[in-house]
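Trainee: Below are the structure tokens for one structure; questions will follow.
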Amino acid sequence: MDEAITRRRSVRGYLPDEVPEATLREVFGLAQGAPSNCNVQPWMSYVLSGESLRSLGRKMVDAAKEGIPPDPDFAADRKFEGVYRERQVDAAVQLYGAMGIDRSDRPKRDWAYRRNLEFFGAPHCVMIFMMEGFEEREAVDLGIYAQTLMLALTSRGIASCAQGALGLYPTICREHLGLPETQRLIFGISFGYEDESVDANRARVGRETLENSVRFDA
């Protein structure tokens, strides 16, 4: 488990090889063991592969190109300040630097953004929803579930990237999956086998020190 935690990172470029169905069922079965408040298990996961995945990606990219504004079920325009803003900027510097994209190069930055909506070329994605009426407390449970899933993937050599951008067009996603409006989209996770030749995968970000993020009180 220690190795899975230290190896897990956001991967933004994948080989086309699909993960075997037996492995998919195994990792998603393990993720079902994630804890949740009162054991409510408020998540509902939809795994997309093949043409269904590519079709959804095309729909979201077309929406972005046409200037259709995002309509996320949960606010996605929060502004960070102080050290949180510094960490956000550093992450962007590392990522765009690895891809050789200058801050002033708007066309390439737009292209990089659209790669999110194409799942970074991953062969699979899981879109994670929770029912209408659930709020912050249950959203925390979805985060715990997602981390459990990504660690299970990592332990089997499968890369992943949790993407808030995949929650920007929930109406398109619901229509694609045939879901009612009562299912609210939080985010998606692209996953598959890493393509180490992709420039974006060279990006690395740090973590805050233990001294600055944890207080021990006795």
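Just remember, in the structure tokens the first chain shown is A, the second B, etc., residues are 1-based per chain, and ligands are 1-based in the order shown.
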Run DSSP on the backbone of this structure and report the residues of chain A it assigns to strand (DSSP E or B), as number ranges by chain.
Mentor: A: 10, 14, 43-49, 124-131, 159-163, 183-192, 194
Trainee: What lies within 7 Å of segment 186-192 of chain A using only C-alpha atoms, ignoring chain neighbours under 3 positions off, as a PDB file with all heavy atoms, in the first residue's frame?
Mentor:
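This is the output file part-v3.pdb:
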ATOM      1  N   TYR A  14      -2.062   8.333 -22.458  1.00  0.00           N
ATOM      2  CA  TYR A  14      -2.254   6.888 -22.285  1.00  0.00           C
ATOM      3  C   TYR A  14      -2.032   6.106 -23.570  1.00  0.00           C
ATOM      4  O   TYR A  14      -2.229   6.617 -24.681  1.00  0.00           O
ATOM      5  CB  TYR A  14      -3.684   6.619 -21.794  1.00  0.00           C
ATOM      6  CG  TYR A  14      -3.968   7.201 -20.434  1.00  0.00           C
ATOM      7  CD1 TYR A  14      -4.351   8.532 -20.300  1.00  0.00           C
ATOM      8  CD2 TYR A  14      -3.841   6.428 -19.283  1.00  0.00           C
ATOM      9  CE1 TYR A  14      -4.606   9.084 -19.051  1.00  0.00           C
ATOM     10  CE2 TYR A  14      -4.097   6.974 -18.029  1.00  0.00           C
ATOM     11  CZ  TYR A  14      -4.475   8.297 -17.924  1.00  0.00           C
ATOM     12  OH  TYR A  14      -4.716   8.843 -16.684  1.00  0.00           O
ATOM     13  N   GLU A  18      -6.651  -1.481 -23.764  1.00  0.00           N
ATOM     14  CA  GLU A  18      -7.699  -1.490 -22.744  1.00  0.00           C
ATOM     15  C   GLU A  18      -7.313  -2.389 -21.567  1.00  0.00           C
ATOM     16  O   GLU A  18      -6.574  -3.364 -21.718  1.00  0.00           O
ATOM     17  CB  GLU A  18      -9.029  -1.956 -23.341  1.00  0.00           C
ATOM     18  CG  GLU A  18      -9.604  -0.982 -24.353  1.00  0.00           C
ATOM     19  CD  GLU A  18     -11.047  -1.280 -24.691  1.00  0.00           C
ATOM     20  OE1 GLU A  18     -11.601  -2.286 -24.175  1.00  0.00           O
ATOM     21  OE2 GLU A  18     -11.645  -0.508 -25.463  1.00  0.00           O
ATOM     22  N   VAL A  19      -7.820  -2.047 -20.398  1.00  0.00           N
ATOM     23  CA  VAL A  19      -7.633  -2.861 -19.199  1.00  0.00           C
ATOM     24  C   VAL A  19      -8.588  -4.051 -19.294  1.00  0.00           C
ATOM     25  O   VAL A  19      -9.766  -3.877 -19.630  1.00  0.00           O
ATOM     26  CB  VAL A  19      -7.936  -2.034 -17.935  1.00  0.00           C
ATOM     27  CG1 VAL A  19      -7.819  -2.903 -16.682  1.00  0.00           C
ATOM     28  CG2 VAL A  19      -6.993  -0.833 -17.850  1.00  0.00           C
ATOM     29  N   PHE A 119     -10.300  12.998 -22.370  1.00  0.00           N
ATOM     30  CA  PHE A 119      -9.811  11.989 -21.433  1.00  0.00           C
ATOM     31  C   PHE A 119      -8.323  11.704 -21.616  1.00  0.00           C
ATOM     32  O   PHE A 119      -7.854  10.620 -21.281  1.00  0.00           O
ATOM     33  CB  PHE A 119     -10.622  10.693 -21.549  1.00  0.00           C
ATOM     34  CG  PHE A 119     -12.107  10.927 -21.626  1.00  0.00           C
ATOM     35  CD1 PHE A 119     -12.773  10.883 -22.838  1.00  0.00           C
ATOM     36  CD2 PHE A 119     -12.830  11.220 -20.487  1.00  0.00           C
ATOM     37  CE1 PHE A 119     -14.142  11.123 -22.924  1.00  0.00           C
ATOM     38  CE2 PHE A 119     -14.208  11.465 -20.553  1.00  0.00           C
ATOM     39  CZ  PHE A 119     -14.851  11.411 -21.775  1.00  0.00           C
ATOM     40  N   ALA A 122      -7.162   8.365 -22.888  1.00  0.00           N
ATOM     41  CA  ALA A 122      -7.274   7.134 -22.099  1.00  0.00           C
ATOM     42  C   ALA A 122      -8.299   6.184 -22.713  1.00  0.00           C
ATOM     43  O   ALA A 122      -9.275   6.627 -23.330  1.00  0.00           O
ATOM     44  CB  ALA A 122      -7.675   7.461 -20.659  1.00  0.00           C
ATOM     45  N   PRO A 123      -8.118   4.881 -22.533  1.00  0.00           N
ATOM     46  CA  PRO A 123      -9.089   3.925 -23.068  1.00  0.00           C
ATOM     47  C   PRO A 123     -10.326   3.764 -22.187  1.00  0.00           C
ATOM     48  O   PRO A 123     -11.294   3.131 -22.599  1.00  0.00           O
ATOM     49  CB  PRO A 123      -8.291   2.615 -23.120  1.00  0.00           C
ATOM     50  CG  PRO A 123      -7.306   2.753 -22.004  1.00  0.00           C
ATOM     51  CD  PRO A 123      -6.927   4.214 -21.972  1.00  0.00           C
ATOM     52  N   HIS A 124     -10.269   4.340 -20.972  1.00  0.00           N
ATOM     53  CA  HIS A 124     -11.394   4.210 -20.045  1.00  0.00           C
ATOM     54  C   HIS A 124     -11.566   5.497 -19.241  1.00  0.00           C
ATOM     55  O   HIS A 124     -10.614   6.252 -19.036  1.00  0.00           O
ATOM     56  CB  HIS A 124     -11.164   3.074 -19.038  1.00  0.00           C
ATOM     57  CG  HIS A 124     -10.812   1.761 -19.639  1.00  0.00           C
ATOM     58  ND1 HIS A 124     -11.740   0.930 -20.234  1.00  0.00           N
ATOM     59  CD2 HIS A 124      -9.617   1.131 -19.750  1.00  0.00           C
ATOM     60  CE1 HIS A 124     -11.134  -0.161 -20.672  1.00  0.00           C
ATOM     61  NE2 HIS A 124      -9.848  -0.061 -20.397  1.00  0.00           N
ATOM     62  N   CYS A 125     -12.777   5.697 -18.783  1.00  0.00           N
ATOM     63  CA  CYS A 125     -13.058   6.777 -17.833  1.00  0.00           C
ATOM     64  C   CYS A 125     -14.215   6.335 -16.953  1.00  0.00           C
ATOM     65  O   CYS A 125     -15.107   5.607 -17.414  1.00  0.00           O
ATOM     66  CB  CYS A 125     -13.422   8.076 -18.549  1.00  0.00           C
ATOM     67  SG  CYS A 125     -13.891   9.422 -17.429  1.00  0.00           S
ATOM     68  N   VAL A 126     -14.193   6.764 -15.707  1.00  0.00           N
ATOM     69  CA  VAL A 126     -15.346   6.566 -14.840  1.00  0.00           C
ATOM     70  C   VAL A 126     -15.887   7.930 -14.455  1.00  0.00           C
ATOM     71  O   VAL A 126     -15.156   8.793 -13.982  1.00  0.00           O
ATOM     72  CB  VAL A 126     -15.003   5.720 -13.586  1.00  0.00           C
ATOM     73  CG1 VAL A 126     -13.848   6.321 -12.801  1.00  0.00           C
ATOM     74  CG2 VAL A 126     -16.239   5.573 -12.696  1.00  0.00           C
ATOM     75  N   MET A 127     -17.162   8.150 -14.725  1.00  0.00           N
ATOM     76  CA  MET A 127     -17.846   9.374 -14.340  1.00  0.00           C
ATOM     77  C   MET A 127     -18.580   9.090 -13.037  1.00  0.00           C
ATOM     78  O   MET A 127     -19.365   8.123 -12.955  1.00  0.00           O
ATOM     79  CB  MET A 127     -18.815   9.822 -15.430  1.00  0.00           C
ATOM     80  CG  MET A 127     -18.169   9.972 -16.813  1.00  0.00           C
ATOM     81  SD  MET A 127     -16.883  11.243 -16.872  1.00  0.00           S
ATOM     82  CE  MET A 127     -17.885  12.684 -17.229  1.00  0.00           C
ATOM     83  N   ILE A 128     -18.347   9.920 -12.033  1.00  0.00           N
ATOM     84  CA  ILE A 128     -18.859   9.645 -10.686  1.00  0.00           C
ATOM     85  C   ILE A 128     -19.952  10.650 -10.332  1.00  0.00           C
ATOM     86  O   ILE A 128     -19.724  11.856 -10.289  1.00  0.00           O
ATOM     87  CB  ILE A 128     -17.718   9.676  -9.656  1.00  0.00           C
ATOM     88  CG1 ILE A 128     -16.618   8.688 -10.072  1.00  0.00           C
ATOM     89  CG2 ILE A 128     -18.249   9.319  -8.268  1.00  0.00           C
ATOM     90  CD1 ILE A 128     -15.419   8.667  -9.156  1.00  0.00           C
ATOM     91  N   PHE A 129     -21.127  10.127 -10.074  1.00  0.00           N
ATOM     92  CA  PHE A 129     -22.313  10.922  -9.761  1.00  0.00           C
ATOM     93  C   PHE A 129     -22.765  10.670  -8.327  1.00  0.00           C
ATOM     94  O   PHE A 129     -22.425   9.648  -7.720  1.00  0.00           O
ATOM     95  CB  PHE A 129     -23.475  10.526 -10.678  1.00  0.00           C
ATOM     96  CG  PHE A 129     -23.310  10.866 -12.122  1.00  0.00           C
ATOM     97  CD1 PHE A 129     -22.487  10.108 -12.953  1.00  0.00           C
ATOM     98  CD2 PHE A 129     -24.002  11.931 -12.672  1.00  0.00           C
ATOM     99  CE1 PHE A 129     -22.364  10.406 -14.303  1.00  0.00           C
ATOM    100  CE2 PHE A 129     -23.885  12.236 -14.029  1.00  0.00           C
ATOM    101  CZ  PHE A 129     -23.064  11.471 -14.837  1.00  0.00           C
ATOM    102  N   ILE A 158      -1.874   0.494 -13.318  1.00  0.00           N
ATOM    103  CA  ILE A 158      -2.811   1.240 -14.145  1.00  0.00           C
ATOM    104  C   ILE A 158      -2.804   2.693 -13.694  1.00  0.00           C
ATOM    105  O   ILE A 158      -3.039   2.992 -12.522  1.00  0.00           O
ATOM    106  CB  ILE A 158      -4.233   0.662 -14.046  1.00  0.00           C
ATOM    107  CG1 ILE A 158      -4.217  -0.822 -14.428  1.00  0.00           C
ATOM    108  CG2 ILE A 158      -5.206   1.434 -14.925  1.00  0.00           C
ATOM    109  CD1 ILE A 158      -5.480  -1.567 -14.052  1.00  0.00           C
ATOM    110  N   ALA A 159      -2.526   3.599 -14.621  1.00  0.00           N
ATOM    111  CA  ALA A 159      -2.443   5.022 -14.315  1.00  0.00           C
ATOM    112  C   ALA A 159      -3.833   5.658 -14.331  1.00  0.00           C
ATOM    113  O   ALA A 159      -4.787   5.102 -14.884  1.00  0.00           O
ATOM    114  CB  ALA A 159      -1.537   5.721 -15.322  1.00  0.00           C
ATOM    115  N   SER A 160      -3.930   6.844 -13.722  1.00  0.00           N
ATOM    116  CA  SER A 160      -5.225   7.520 -13.670  1.00  0.00           C
ATOM    117  C   SER A 160      -5.039   9.018 -13.489  1.00  0.00           C
ATOM    118  O   SER A 160      -3.958   9.490 -13.149  1.00  0.00           O
ATOM    119  CB  SER A 160      -6.078   6.962 -12.516  1.00  0.00           C
ATOM    120  OG  SER A 160      -5.443   7.196 -11.262  1.00  0.00           O
ATOM    121  N   CYS A 161      -6.131   9.752 -13.707  1.00  0.00           N
ATOM    122  CA  CYS A 161      -6.133  11.198 -13.471  1.00  0.00           C
ATOM    123  C   CYS A 161      -7.538  11.614 -13.087  1.00  0.00           C
ATOM    124  O   CYS A 161      -8.474  11.475 -13.898  1.00  0.00           O
ATOM    125  CB  CYS A 161      -5.676  11.968 -14.709  1.00  0.00           C
ATOM    126  SG  CYS A 161      -5.500  13.748 -14.428  1.00  0.00           S
ATOM    127  N   ALA A 162      -7.709  12.098 -11.864  1.00  0.00           N
ATOM    128  CA  ALA A 162      -8.996  12.637 -11.435  1.00  0.00           C
ATOM    129  C   ALA A 162      -9.145  14.028 -12.035  1.00  0.00           C
ATOM    130  O   ALA A 162      -8.270  14.872 -11.885  1.00  0.00           O
ATOM    131  CB  ALA A 162      -9.059  12.697  -9.912  1.00  0.00           C
ATOM    132  N   GLN A 163     -10.266  14.280 -12.727  1.00  0.00           N
ATOM    133  CA  GLN A 163     -10.421  15.502 -13.507  1.00  0.00           C
ATOM    134  C   GLN A 163     -11.702  16.256 -13.163  1.00  0.00           C
ATOM    135  O   GLN A 163     -12.799  15.816 -13.489  1.00  0.00           O
ATOM    136  CB  GLN A 163     -10.432  15.178 -15.001  1.00  0.00           C
ATOM    137  CG  GLN A 163      -9.159  14.531 -15.512  1.00  0.00           C
ATOM    138  CD  GLN A 163      -9.364  14.014 -16.914  1.00  0.00           C
ATOM    139  OE1 GLN A 163      -9.313  12.810 -17.166  1.00  0.00           O
ATOM    140  NE2 GLN A 163      -9.615  14.920 -17.852  1.00  0.00           N
ATOM    141  N   GLY A 164     -11.532  17.415 -12.533  1.00  0.00           N
ATOM    142  CA  GLY A 164     -12.688  18.261 -12.297  1.00  0.00           C
ATOM    143  C   GLY A 164     -13.298  18.746 -13.593  1.00  0.00           C
ATOM    144  O   GLY A 164     -14.508  18.987 -13.681  1.00  0.00           O
ATOM    145  N   LEU A 166     -13.991  17.183 -16.174  1.00  0.00           N
ATOM    146  CA  LEU A 166     -14.979  16.255 -16.713  1.00  0.00           C
ATOM    147  C   LEU A 166     -16.358  16.456 -16.086  1.00  0.00           C
ATOM    148  O   LEU A 166     -17.329  15.830 -16.516  1.00  0.00           O
ATOM    149  CB  LEU A 166     -14.513  14.814 -16.526  1.00  0.00           C
ATOM    150  CG  LEU A 166     -13.276  14.423 -17.336  1.00  0.00           C
ATOM    151  CD1 LEU A 166     -12.918  12.961 -17.100  1.00  0.00           C
ATOM    152  CD2 LEU A 166     -13.475  14.691 -18.828  1.00  0.00           C
ATOM    153  N   GLY A 167     -16.435  17.326 -15.083  1.00  0.00           N
ATOM    154  CA  GLY A 167     -17.726  17.642 -14.479  1.00  0.00           C
ATOM    155  C   GLY A 167     -18.327  18.936 -14.992  1.00  0.00           C
ATOM    156  O   GLY A 167     -19.354  19.391 -14.481  1.00  0.00           O
TER     157      GLY A 167
END
Trainee: Point out the residue among A:Glu118, A:Asp62, A:Glu135, A:Glu21 with the least atom-to-atom distance to Arg184 of chain A, counting only C-alpha atoms.
Mentor: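 With only C-alpha atoms as the atom set, the closest residue is A:Glu135.
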Trainee: Enumerate as number ranges by chain all residues of segment 43-198 of chain A assigned to alpha helix (DSSP H) by DSSP on the backbone, naming them with the chain letters and numbers the document uses.
Mentor: A: 50-65, 82-99, 106-117, 136-154, 170-177
Trainee: Using only C-alpha atoms, which protein or nucleic acid residues come within 12 Å of Asp90 of chain A? Drop anything in the same chain fewer than 6 positions from it, and give the result as a compact mmCIF listing (two decimals) with N, CA, C and O atoms, in the first residue's frame.
Mentor:
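Contents of selection27.txt, freshly written:
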# COMPACT_ATOMS: atom_id res chain seq x y z
N VAL A 83 -1.27 30.80 -0.13
CA VAL A 83 -0.46 29.63 -0.44
C VAL A 83 -1.20 28.67 -1.37
O VAL A 83 -0.59 27.96 -2.18
N TYR A 84 -2.52 28.67 -1.30
CA TYR A 84 -3.31 27.79 -2.15
C TYR A 84 -3.20 28.22 -3.62
O TYR A 84 -3.13 27.39 -4.53
N TYR A 96 2.43 22.92 -17.91
CA TYR A 96 2.61 23.59 -19.19
C TYR A 96 4.08 23.66 -19.58
O TYR A 96 4.42 23.63 -20.76
N GLY A 97 4.95 23.74 -18.57
CA GLY A 97 6.38 23.72 -18.87
C GLY A 97 6.80 22.39 -19.48
O GLY A 97 7.57 22.36 -20.43
N ALA A 203 5.63 16.05 -16.12
CA ALA A 203 5.37 17.05 -15.08
C ALA A 203 5.34 16.39 -13.71
O ALA A 203 4.79 15.31 -13.53
N ARG A 204 5.94 17.06 -12.75
CA ARG A 204 5.93 16.60 -11.37
C ARG A 204 5.62 17.77 -10.45
O ARG A 204 6.13 18.87 -10.63
N VAL A 205 4.78 17.55 -9.46
CA VAL A 205 4.47 18.59 -8.48
C VAL A 205 4.83 18.07 -7.09
O VAL A 205 4.86 16.85 -6.86
N GLY A 206 5.12 18.99 -6.19
CA GLY A 206 5.52 18.60 -4.85
C GLY A 206 4.35 18.53 -3.89
O GLY A 206 3.19 18.73 -4.26
N ARG A 207 4.65 18.24 -2.64
CA ARG A 207 3.66 18.21 -1.58
C ARG A 207 4.19 19.03 -0.40
O ARG A 207 5.39 19.10 -0.17
Trainee: What's the 12 Å shell around Arg109 of chain A, counting only C-alpha atoms, without same-chain residues fewer than 4 positions away, as a PyMOL selection string?
Mentor: chain A and resi 92-93+95-97+99-105+113-116
Trainee: Tell me, as a list in words, which residues lie within 10 Å of His176 of chain A, counting only C-alpha atoms; anything in the same chain fewer than 6 positions away does not count.
Mentor: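 Contacts, with the query itself left out: Ser52, Leu53, Ser55, Leu56, Lys59 and Pro170 of chain A.
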Trainee: Take the residues from that selection and put them in a file with N, CA, C and O atoms, as a CSV table (one decimal), in the first residue's frame.
Mentor:
chain,number,residue,atom,x,y,z
A,52,SER,N,-18.2,4.5,-27.0
A,52,SER,CA,-19.0,5.3,-26.0
A,52,SER,C,-18.2,6.4,-25.4
A,52,SER,O,-18.6,7.6,-25.3
A,53,LEU,N,-16.9,6.1,-25.0
A,53,LEU,CA,-16.0,7.1,-24.4
A,53,LEU,C,-15.6,8.1,-25.5
A,53,LEU,O,-15.7,9.3,-25.2
A,55,SER,N,-17.2,9.0,-28.2
A,55,SER,CA,-18.3,9.8,-28.6
A,55,SER,C,-18.6,10.9,-27.6
A,55,SER,O,-18.8,12.1,-27.9
A,56,LEU,N,-18.5,10.6,-26.3
A,56,LEU,CA,-18.8,11.6,-25.2
A,56,LEU,C,-17.7,12.6,-25.3
A,56,LEU,O,-18.0,13.8,-25.2
A,59,LYS,N,-18.5,15.1,-28.1
A,59,LYS,CA,-19.6,16.0,-27.7
A,59,LYS,C,-19.1,17.1,-26.8
A,59,LYS,O,-19.5,18.3,-27.0
A,170,PRO,N,-22.3,18.4,-17.3
A,170,PRO,CA,-23.1,17.3,-16.8
A,170,PRO,C,-24.3,17.0,-17.7
A,170,PRO,O,-24.7,15.8,-17.8
Trainee: If I take atom CA of Phe28 of chain A and atom CA of Ala152 of chain A, how far is one from the other in Å, to one decimal?
Mentor: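 Those two atoms sit 8.3 Å apart.
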Trainee: How many Å lie between atom CA of Ile172 of chain A and atom CA of Trp43 of chain A, rounded to one decimal?
Mentor: 19.2 Å
